[in-house]
$ cat coords_18.pdb   # PDB, C-alpha atoms
ATOM      1  CA  MET A   1      21.918   8.771  10.940  1.00  0.00           C
ATOM      2  CA  SER A   2      18.871   6.545  11.372  1.00  0.00           C
ATOM      3  CA  LEU A   3      16.423   5.769   8.606  1.00  0.00           C
ATOM      4  CA  VAL A   4      13.791   8.434   7.995  1.00  0.00           C
ATOM      5  CA  LEU A   5      10.501   7.862   6.187  1.00  0.00           C
ATOM      6  CA  TYR A   6       8.522  10.792   4.813  1.00  0.00           C
ATOM      7  CA  GLY A   7       4.876  10.031   4.107  1.00  0.00           C
ATOM      8  CA  HIS A   8       1.365  10.112   5.472  1.00  0.00           C
ATOM      9  CA  PRO A   9      -0.316   7.411   7.609  1.00  0.00           C
ATOM     10  CA  PHE A  10      -3.475   7.382   5.466  1.00  0.00           C
ATOM     11  CA  SER A  11      -1.533   6.958   2.211  1.00  0.00           C
ATOM     12  CA  SER A  12      -1.792   3.438   0.815  1.00  0.00           C
ATOM     13  CA  TYR A  13       1.735   3.540  -0.554  1.00  0.00           C
ATOM     14  CA  THR A  14       3.130   4.855   2.725  1.00  0.00           C
ATOM     15  CA  GLN A  15       1.391   1.963   4.467  1.00  0.00           C
ATOM     16  CA  LYS A  16       2.997  -0.469   2.025  1.00  0.00           C
ATOM     17  CA  VAL A  17       6.455   0.581   3.222  1.00  0.00           C
ATOM     18  CA  LEU A  18       5.388   0.788   6.872  1.00  0.00           C
ATOM     19  CA  ILE A  19       4.307  -2.866   6.728  1.00  0.00           C
ATOM     20  CA  ALA A  20       7.780  -3.870   5.558  1.00  0.00           C
ATOM     21  CA  LEU A  21       9.430  -1.841   8.308  1.00  0.00           C
ATOM     22  CA  TYR A  22       7.097  -3.185  10.987  1.00  0.00           C
ATOM     23  CA  GLU A  23       7.494  -6.796   9.839  1.00  0.00           C
ATOM     24  CA  ASN A  24      11.197  -6.642  10.638  1.00  0.00           C
ATOM     25  CA  GLY A  25      11.049  -4.254  13.562  1.00  0.00           C
ATOM     26  CA  THR A  26      13.356  -1.921  11.655  1.00  0.00           C
ATOM     27  CA  SER A  27      14.210   1.258  13.545  1.00  0.00           C
ATOM     28  CA  PHE A  28      13.237   4.447  11.711  1.00  0.00           C
ATOM     29  CA  GLU A  29      11.889   7.948  12.230  1.00  0.00           C
ATOM     30  CA  PHE A  30       8.537   8.748  10.638  1.00  0.00           C
ATOM     31  CA  ARG A  31       8.032  12.308   9.414  1.00  0.00           C
ATOM     32  CA  CYS A  32       4.423  13.013   8.541  1.00  0.00           C
ATOM     33  CA  LEU A  33       3.766  15.259   5.559  1.00  0.00           C
ATOM     34  CA  GLY A  34       0.900  17.678   6.161  1.00  0.00           C
ATOM     35  CA  PRO A  35      -0.090  21.251   6.962  1.00  0.00           C
ATOM     36  CA  ASP A  36       0.912  20.860  10.609  1.00  0.00           C
ATOM     37  CA  THR A  37       4.502  19.932   9.746  1.00  0.00           C
ATOM     38  CA  PRO A  38       5.767  22.417   7.120  1.00  0.00           C
ATOM     39  CA  GLN A  39       9.366  21.714   8.090  1.00  0.00           C
ATOM     40  CA  HIS A  40       8.963  18.109   7.004  1.00  0.00           C
ATOM     41  CA  SER A  41       7.448  19.133   3.688  1.00  0.00           C
ATOM     42  CA  ALA A  42      10.282  21.557   3.003  1.00  0.00           C
ATOM     43  CA  GLU A  43      12.943  18.926   3.616  1.00  0.00           C
ATOM     44  CA  TRP A  44      10.989  16.329   1.605  1.00  0.00           C
ATOM     45  CA  LEU A  45      10.771  18.684  -1.394  1.00  0.00           C
ATOM     46  CA  ARG A  46      14.463  19.486  -1.124  1.00  0.00           C
ATOM     47  CA  ARG A  47      15.299  15.824  -1.268  1.00  0.00           C
ATOM     48  CA  CYS A  48      12.621  14.855  -3.806  1.00  0.00           C
ATOM     49  CA  PRO A  49      11.705  17.677  -6.211  1.00  0.00           C
ATOM     50  CA  LEU A  50       9.519  15.194  -8.133  1.00  0.00           C
ATOM     51  CA  ARG A  51       7.174  15.274  -5.119  1.00  0.00           C
ATOM     52  CA  LYS A  52       7.063  11.502  -4.718  1.00  0.00           C
ATOM     53  CA  PHE A  53       6.248   9.961  -1.370  1.00  0.00           C
ATOM     54  CA  PRO A  54       6.847   7.920   0.592  1.00  0.00           C
ATOM     55  CA  LEU A  55      10.507   8.834   0.575  1.00  0.00           C
ATOM     56  CA  LEU A  56      13.049   6.800   2.510  1.00  0.00           C
ATOM     57  CA  VAL A  57      16.192   8.624   3.571  1.00  0.00           C
ATOM     58  CA  ASP A  58      19.272   6.634   4.565  1.00  0.00           C
ATOM     59  CA  GLY A  59      22.116   9.032   5.203  1.00  0.00           C
ATOM     60  CA  GLU A  60      22.534  10.969   1.970  1.00  0.00           C
ATOM     61  CA  ARG A  61      20.652   8.388  -0.075  1.00  0.00           C
ATOM     62  CA  ASN A  62      17.058   9.212  -1.041  1.00  0.00           C
ATOM     63  CA  ILE A  63      14.920   6.286  -2.191  1.00  0.00           C
ATOM     64  CA  VAL A  64      11.475   6.549  -3.765  1.00  0.00           C
ATOM     65  CA  GLU A  65       9.048   4.062  -5.357  1.00  0.00           C
ATOM     66  CA  THR A  66       7.670   1.661  -2.774  1.00  0.00           C
ATOM     67  CA  SER A  67       8.813  -1.608  -4.328  1.00  0.00           C
ATOM     68  CA  ILE A  68      12.354  -0.257  -4.656  1.00  0.00           C
ATOM     69  CA  ILE A  69      12.287   0.999  -1.066  1.00  0.00           C
ATOM     70  CA  ILE A  70      11.329  -2.441   0.238  1.00  0.00           C
ATOM     71  CA  GLU A  71      13.985  -4.178  -1.857  1.00  0.00           C
ATOM     72  CA  TYR A  72      16.538  -1.618  -0.649  1.00  0.00           C
ATOM     73  CA  LEU A  73      15.622  -2.344   2.963  1.00  0.00           C
ATOM     74  CA  GLN A  74      16.186  -6.041   2.402  1.00  0.00           C
ATOM     75  CA  LEU A  75      19.599  -5.407   0.830  1.00  0.00           C
ATOM     76  CA  VAL A  76      20.914  -2.781   3.253  1.00  0.00           C
ATOM     77  CA  HIS A  77      18.842  -3.235   6.432  1.00  0.00           C
ATOM     78  CA  PRO A  78      17.769  -6.904   6.380  1.00  0.00           C
ATOM     79  CA  GLY A  79      15.698  -8.460   9.120  1.00  0.00           C
ATOM     80  CA  LEU A  80      14.407 -11.895  10.009  1.00  0.00           C
ATOM     81  CA  VAL A  81      11.492 -11.628   7.568  1.00  0.00           C
ATOM     82  CA  ARG A  82      12.742 -11.935   4.009  1.00  0.00           C
ATOM     83  CA  LEU A  83      10.214 -10.099   1.857  1.00  0.00           C
ATOM     84  CA  LEU A  84      11.793 -11.075  -1.448  1.00  0.00           C
ATOM     85  CA  PRO A  85      12.807 -14.734  -1.888  1.00  0.00           C
ATOM     86  CA  ALA A  86      16.387 -15.684  -2.683  1.00  0.00           C
ATOM     87  CA  ASP A  87      15.274 -17.963  -5.500  1.00  0.00           C
ATOM     88  CA  PRO A  88      15.076 -15.846  -8.694  1.00  0.00           C
ATOM     89  CA  MET A  89      11.944 -17.495 -10.079  1.00  0.00           C
ATOM     90  CA  ALA A  90      10.132 -17.251  -6.747  1.00  0.00           C
ATOM     91  CA  ALA A  91      11.205 -13.600  -6.544  1.00  0.00           C
ATOM     92  CA  LEU A  92       9.789 -13.038 -10.025  1.00  0.00           C
ATOM     93  CA  ASP A  93       6.390 -14.332  -8.872  1.00  0.00           C
ATOM     94  CA  VAL A  94       6.500 -11.995  -5.882  1.00  0.00           C
ATOM     95  CA  ARG A  95       7.367  -9.019  -8.070  1.00  0.00           C
ATOM     96  CA  PHE A  96       4.518  -9.880 -10.423  1.00  0.00           C
ATOM     97  CA  PHE A  97       1.953  -9.916  -7.615  1.00  0.00           C
ATOM     98  CA  ASP A  98       3.428  -6.702  -6.231  1.00  0.00           C
ATOM     99  CA  ARG A  99       2.871  -4.999  -9.579  1.00  0.00           C
ATOM    100  CA  PHE A 100      -0.579  -6.568  -9.941  1.00  0.00           C
ATOM    101  CA  PHE A 101      -1.815  -5.130  -6.650  1.00  0.00           C
ATOM    102  CA  ASP A 102      -0.338  -1.706  -7.336  1.00  0.00           C
ATOM    103  CA  LEU A 103      -1.462  -1.428 -10.954  1.00  0.00           C
ATOM    104  CA  HIS A 104      -4.682  -3.423 -11.134  1.00  0.00           C
ATOM    105  CA  VAL A 105      -6.147  -2.943  -7.658  1.00  0.00           C
ATOM    106  CA  MET A 106      -4.859   0.276  -6.114  1.00  0.00           C
ATOM    107  CA  ASN A 107      -4.675   2.216  -9.355  1.00  0.00           C
ATOM    108  CA  ALA A 108      -8.146   0.968 -10.292  1.00  0.00           C
ATOM    109  CA  ALA A 109      -9.591   2.220  -7.005  1.00  0.00           C
ATOM    110  CA  GLN A 110      -7.796   5.522  -7.565  1.00  0.00           C
ATOM    111  CA  HIS A 111     -10.057   6.251 -10.547  1.00  0.00           C
ATOM    112  CA  ALA A 112     -13.005   6.488  -8.164  1.00  0.00           C
ATOM    113  CA  VAL A 113     -11.063   8.535  -5.624  1.00  0.00           C
ATOM    114  CA  ASP A 114      -9.853  10.990  -8.259  1.00  0.00           C
ATOM    115  CA  GLY A 115     -13.363  11.380  -9.642  1.00  0.00           C
ATOM    116  CA  ALA A 116     -14.784  12.065  -6.190  1.00  0.00           C
ATOM    117  CA  LEU A 117     -12.079  14.611  -5.415  1.00  0.00           C
ATOM    118  CA  THR A 118     -13.115  16.748  -8.384  1.00  0.00           C
ATOM    119  CA  GLY A 119     -16.415  17.562  -6.657  1.00  0.00           C
ATOM    120  CA  VAL A 120     -18.153  17.177 -10.016  1.00  0.00           C
ATOM    121  CA  PRO A 121     -21.026  14.636  -9.800  1.00  0.00           C
ATOM    122  CA  VAL A 122     -20.625  13.330 -13.337  1.00  0.00           C
ATOM    123  CA  LYS A 123     -16.873  12.815 -12.893  1.00  0.00           C
ATOM    124  CA  ARG A 124     -17.544  11.070  -9.607  1.00  0.00           C
ATOM    125  CA  GLU A 125     -19.951   8.681 -11.339  1.00  0.00           C
ATOM    126  CA  GLU A 126     -17.589   8.078 -14.254  1.00  0.00           C
ATOM    127  CA  GLY A 127     -14.636   7.450 -11.973  1.00  0.00           C
ATOM    128  CA  LEU A 128     -16.565   5.003  -9.849  1.00  0.00           C
ATOM    129  CA  ALA A 129     -17.934   3.164 -12.888  1.00  0.00           C
ATOM    130  CA  LEU A 130     -14.432   2.712 -14.291  1.00  0.00           C
ATOM    131  CA  ALA A 131     -13.104   1.583 -10.909  1.00  0.00           C
ATOM    132  CA  VAL A 132     -15.877  -0.986 -10.513  1.00  0.00           C
ATOM    133  CA  LYS A 133     -15.211  -2.413 -13.965  1.00  0.00           C
ATOM    134  CA  LYS A 134     -11.479  -2.767 -13.354  1.00  0.00           C
ATOM    135  CA  LEU A 135     -11.815  -4.031  -9.781  1.00  0.00           C
ATOM    136  CA  GLU A 136     -14.312  -6.731 -10.717  1.00  0.00           C
ATOM    137  CA  LEU A 137     -11.783  -8.059 -13.239  1.00  0.00           C
ATOM    138  CA  ALA A 138      -9.004  -7.942 -10.657  1.00  0.00           C
ATOM    139  CA  TYR A 139     -11.131  -9.585  -7.961  1.00  0.00           C
ATOM    140  CA  ALA A 140     -12.086 -12.445 -10.266  1.00  0.00           C
ATOM    141  CA  TRP A 141      -8.480 -13.039 -11.296  1.00  0.00           C
ATOM    142  CA  LEU A 142      -7.261 -12.993  -7.698  1.00  0.00           C
ATOM    143  CA  GLU A 143     -10.006 -15.349  -6.556  1.00  0.00           C
ATOM    144  CA  GLY A 144      -8.568 -18.039  -8.798  1.00  0.00           C
ATOM    145  CA  HIS A 145      -4.888 -17.353  -8.261  1.00  0.00           C
ATOM    146  CA  LEU A 146      -5.044 -17.084  -4.460  1.00  0.00           C
ATOM    147  CA  ALA A 147      -6.852 -20.408  -4.033  1.00  0.00           C
ATOM    148  CA  GLY A 148      -4.910 -22.731  -1.739  1.00  0.00           C
ATOM    149  CA  ARG A 149      -2.472 -20.021  -0.643  1.00  0.00           C
ATOM    150  CA  ILE A 150      -2.040 -18.373   2.724  1.00  0.00           C
ATOM    151  CA  TRP A 151      -0.267 -15.319   1.327  1.00  0.00           C
ATOM    152  CA  ALA A 152      -0.164 -13.895  -2.184  1.00  0.00           C
ATOM    153  CA  ALA A 153       2.907 -15.756  -3.391  1.00  0.00           C
ATOM    154  CA  GLY A 154       2.669 -18.838  -1.177  1.00  0.00           C
ATOM    155  CA  ALA A 155       3.226 -19.784   2.447  1.00  0.00           C
ATOM    156  CA  ASP A 156       5.371 -16.814   3.464  1.00  0.00           C
ATOM    157  CA  ILE A 157       4.539 -13.122   3.655  1.00  0.00           C
ATOM    158  CA  THR A 158       6.425 -11.111   1.032  1.00  0.00           C
ATOM    159  CA  LEU A 159       6.652  -7.810  -0.798  1.00  0.00           C
ATOM    160  CA  ALA A 160       3.479  -8.886  -2.631  1.00  0.00           C
ATOM    161  CA  ASP A 161       1.497  -8.844   0.607  1.00  0.00           C
ATOM    162  CA  CYS A 162       2.903  -5.440   1.551  1.00  0.00           C
ATOM    163  CA  ALA A 163       1.314  -4.209  -1.679  1.00  0.00           C
ATOM    164  CA  ALA A 164      -1.868  -6.242  -1.281  1.00  0.00           C
ATOM    165  CA  ALA A 165      -2.825  -5.084   2.207  1.00  0.00           C
ATOM    166  CA  PRO A 166      -3.465  -1.370   1.571  1.00  0.00           C
ATOM    167  CA  SER A 167      -4.609  -2.035  -2.006  1.00  0.00           C
ATOM    168  CA  LEU A 168      -7.392  -4.403  -0.973  1.00  0.00           C
ATOM    169  CA  PHE A 169      -8.175  -2.338   2.115  1.00  0.00           C
ATOM    170  CA  TYR A 170      -9.083   0.757   0.112  1.00  0.00           C
ATOM    171  CA  ALA A 171     -10.387  -1.120  -2.922  1.00  0.00           C
ATOM    172  CA  ASP A 172     -12.984  -2.829  -0.731  1.00  0.00           C
ATOM    173  CA  TRP A 173     -14.050   0.581   0.580  1.00  0.00           C
ATOM    174  CA  THR A 174     -14.386   1.761  -3.012  1.00  0.00           C
ATOM    175  CA  HIS A 175     -16.165  -1.314  -4.377  1.00  0.00           C
ATOM    176  CA  ARG A 176     -17.017  -3.994  -1.823  1.00  0.00           C
ATOM    177  CA  ILE A 177     -15.518  -7.432  -2.451  1.00  0.00           C
ATOM    178  CA  SER A 178     -18.674  -9.490  -2.797  1.00  0.00           C
ATOM    179  CA  GLU A 179     -19.418 -12.906  -1.332  1.00  0.00           C
ATOM    180  CA  ALA A 180     -18.816 -14.280  -4.822  1.00  0.00           C
ATOM    181  CA  PHE A 181     -15.102 -14.040  -3.942  1.00  0.00           C
ATOM    182  CA  PRO A 182     -14.710 -15.913  -0.609  1.00  0.00           C
ATOM    183  CA  VAL A 183     -11.016 -16.670  -1.149  1.00  0.00           C
ATOM    184  CA  LEU A 184     -10.215 -13.004  -1.699  1.00  0.00           C
ATOM    185  CA  ARG A 185     -12.345 -11.888   1.238  1.00  0.00           C
ATOM    186  CA  ALA A 186     -10.559 -14.363   3.525  1.00  0.00           C
ATOM    187  CA  TYR A 187      -7.167 -13.186   2.280  1.00  0.00           C
ATOM    188  CA  ARG A 188      -8.063  -9.563   2.997  1.00  0.00           C
ATOM    189  CA  ALA A 189      -9.143 -10.580   6.503  1.00  0.00           C
ATOM    190  CA  ARG A 190      -5.794 -12.327   7.092  1.00  0.00           C
ATOM    191  CA  LEU A 191      -3.979  -9.191   6.006  1.00  0.00           C
ATOM    192  CA  LEU A 192      -6.006  -7.074   8.420  1.00  0.00           C
ATOM    193  CA  ALA A 193      -5.154  -9.470  11.237  1.00  0.00           C
ATOM    194  CA  ARG A 194      -1.424  -9.309  10.540  1.00  0.00           C
ATOM    195  CA  PRO A 195       0.124  -7.163  13.332  1.00  0.00           C
ATOM    196  CA  SER A 196       2.195  -5.065  10.926  1.00  0.00           C
ATOM    197  CA  PHE A 197      -0.810  -4.004   8.863  1.00  0.00           C
ATOM    198  CA  ALA A 198      -3.141  -3.775  11.864  1.00  0.00           C
ATOM    199  CA  ARG A 199      -0.716  -1.224  13.314  1.00  0.00           C
ATOM    200  CA  ALA A 200      -0.707   0.803  10.085  1.00  0.00           C
ATOM    201  CA  VAL A 201      -4.519   0.760   9.978  1.00  0.00           C
ATOM    202  CA  GLU A 202      -4.771   2.022  13.550  1.00  0.00           C
ATOM    203  CA  GLU A 203      -2.258   4.797  12.955  1.00  0.00           C
ATOM    204  CA  ALA A 204      -4.312   5.962   9.969  1.00  0.00           C
ATOM    205  CA  ARG A 205      -7.686   5.783  11.717  1.00  0.00           C
ATOM    206  CA  PRO A 206      -7.795   9.504  12.735  1.00  0.00           C
ATOM    207  CA  PHE A 207      -7.652  10.465   9.049  1.00  0.00           C
ATOM    208  CA  ARG A 208     -10.556   8.367   7.770  1.00  0.00           C
ATOM    209  CA  GLN A 209     -12.781  11.381   7.265  1.00  0.00           C
ATOM    210  CA  ASN A 210     -10.433  12.360   4.426  1.00  0.00           C
ATOM    211  CA  PHE A 211     -11.545   9.436   2.267  1.00  0.00           C
ATOM    212  CA  PRO A 212     -13.648  11.194  -0.421  1.00  0.00           C
ATOM    213  CA  LEU A 213     -16.041   8.308  -0.991  1.00  0.00           C
ATOM    214  CA  GLY A 214     -17.047   8.126   2.648  1.00  0.00           C
ATOM    215  CA  ALA A 215     -15.026   5.898   4.953  1.00  0.00           C
ATOM    216  CA  PRO A 216     -16.922   2.872   6.282  1.00  0.00           C
ATOM    217  CA  ASP A 217     -17.219   2.088   9.976  1.00  0.00           C
ATOM    218  CA  ARG A 218     -15.960  -1.462   9.421  1.00  0.00           C
ATOM    219  CA  ASP A 219     -12.275  -2.435   9.519  1.00  0.00           C
TER     220      ASP A 219
END
$ encode --input "coords_18.pdb" --output "structure tokens"
Amino acid sequence: MSLVLYGHPFSSYTQKVLIALYENGTSFEFRCLGPDTPQHSAEWLRRCPLRKFPLLVDGERNIVETSIIIEYLQLVHPGLVRLLPADPMAALDVRFFDRFFDLHVMNAAQHAVDGALTGVPVKREEGLALAVKKLELAYAWLEGHLAGRIWAAGADITLADCAAAPSLFYADWTHRISEAFPVLRAYRARLLARPSFARAVEEARPFRQNFPLGAPDRD
């Protein structure tokens, strides 16, 4: 049985895993979760009652949590691009950046998204204000720590960049990365130019109207 990935193209965390799969040209079947594919949703819920996606299915093994999925792929279905370094200390740095982008960038932007989805103006304003505060802190930290680097953890693309690409993509839509952060802006541009992420962005383009803050025409 080939690998199967349950998720949605517009989901940042689905994109994180798609980047890893595309980087290595790993063969898999994508099963989109949505109202038009109830059969996929039924099977997903059977395999993952906790309702977590993306979900990677490999035979009878069900794997959730994006960082774990990507590490699993490297262990069981390795490709030419090693997304987690062999050196333990280098791998620790990669894992740190992976968590930073998930927790301090994507989760920060999610405050604004969640507030907008309520449809309540005051909650929308509160969510956006909290997101802006957290994202400004994250942007400033990244500006310093990415200086002199091509990718998040050094010269090679890694798990950290799989997390960074969708995180910064949607964070910039939520609260624009200002010209005060040229290093971060350039890094985001490099991510967008990477074929693996560019493919994920294009596949998600039909769903942009679903972004509750108003999807920009750029990117």
$ atom_distance --input "coords_18.pdb" --atom1 "atom CA of Val81 of chain A" --atom2 "atom CA of Asn62 of chain A"
23.2 Å
$ resolve_selection --input "coords_18.pdb" --expression "the PyMOL selection byres ((chain A and resi 124) around 12)" --output "PyMOL selection string"
chain A and resi 110-123+125-131+174+212-213
$ closest_residue --input "coords_18.pdb" --among "A:Gly79, A:Gly148, A:Pro85, A:Pro54" --to "Phe10 of chain A" --atoms "all atoms listed in the file"
A:Pro54
$ residues_around --input "coords_18.pdb" --residues "Glu23 of chain A" --least-positions-apart "6" --cutoff "10 Å" --atoms "all atoms listed in the file" --output "list in words"
Val17, Gly79, Leu80, Val81, Arg82, Leu83, Ile157, Thr158, Cys162, Arg194, Pro195, Ser196 and Phe197 of chain A
$ closest_residue --input "coords_18.pdb" --among "A:Ala140, A:Leu5, A:Ala153, A:Leu50" --to "Leu84 of chain A" --atoms "only C-alpha atoms"
A:Ala153
$ atom_distance --input "coords_18.pdb" --atom1 "atom CA of Arg190 of chain A" --atom2 "atom CA of Asp161 of chain A"
10.4 Å
$ closest_residue --input "coords_18.pdb" --among "A:Ala42, A:Leu192, A:Leu168, A:Val94" --to "Ala152 of chain A" --atoms "only C-alpha atoms"
A:Val94
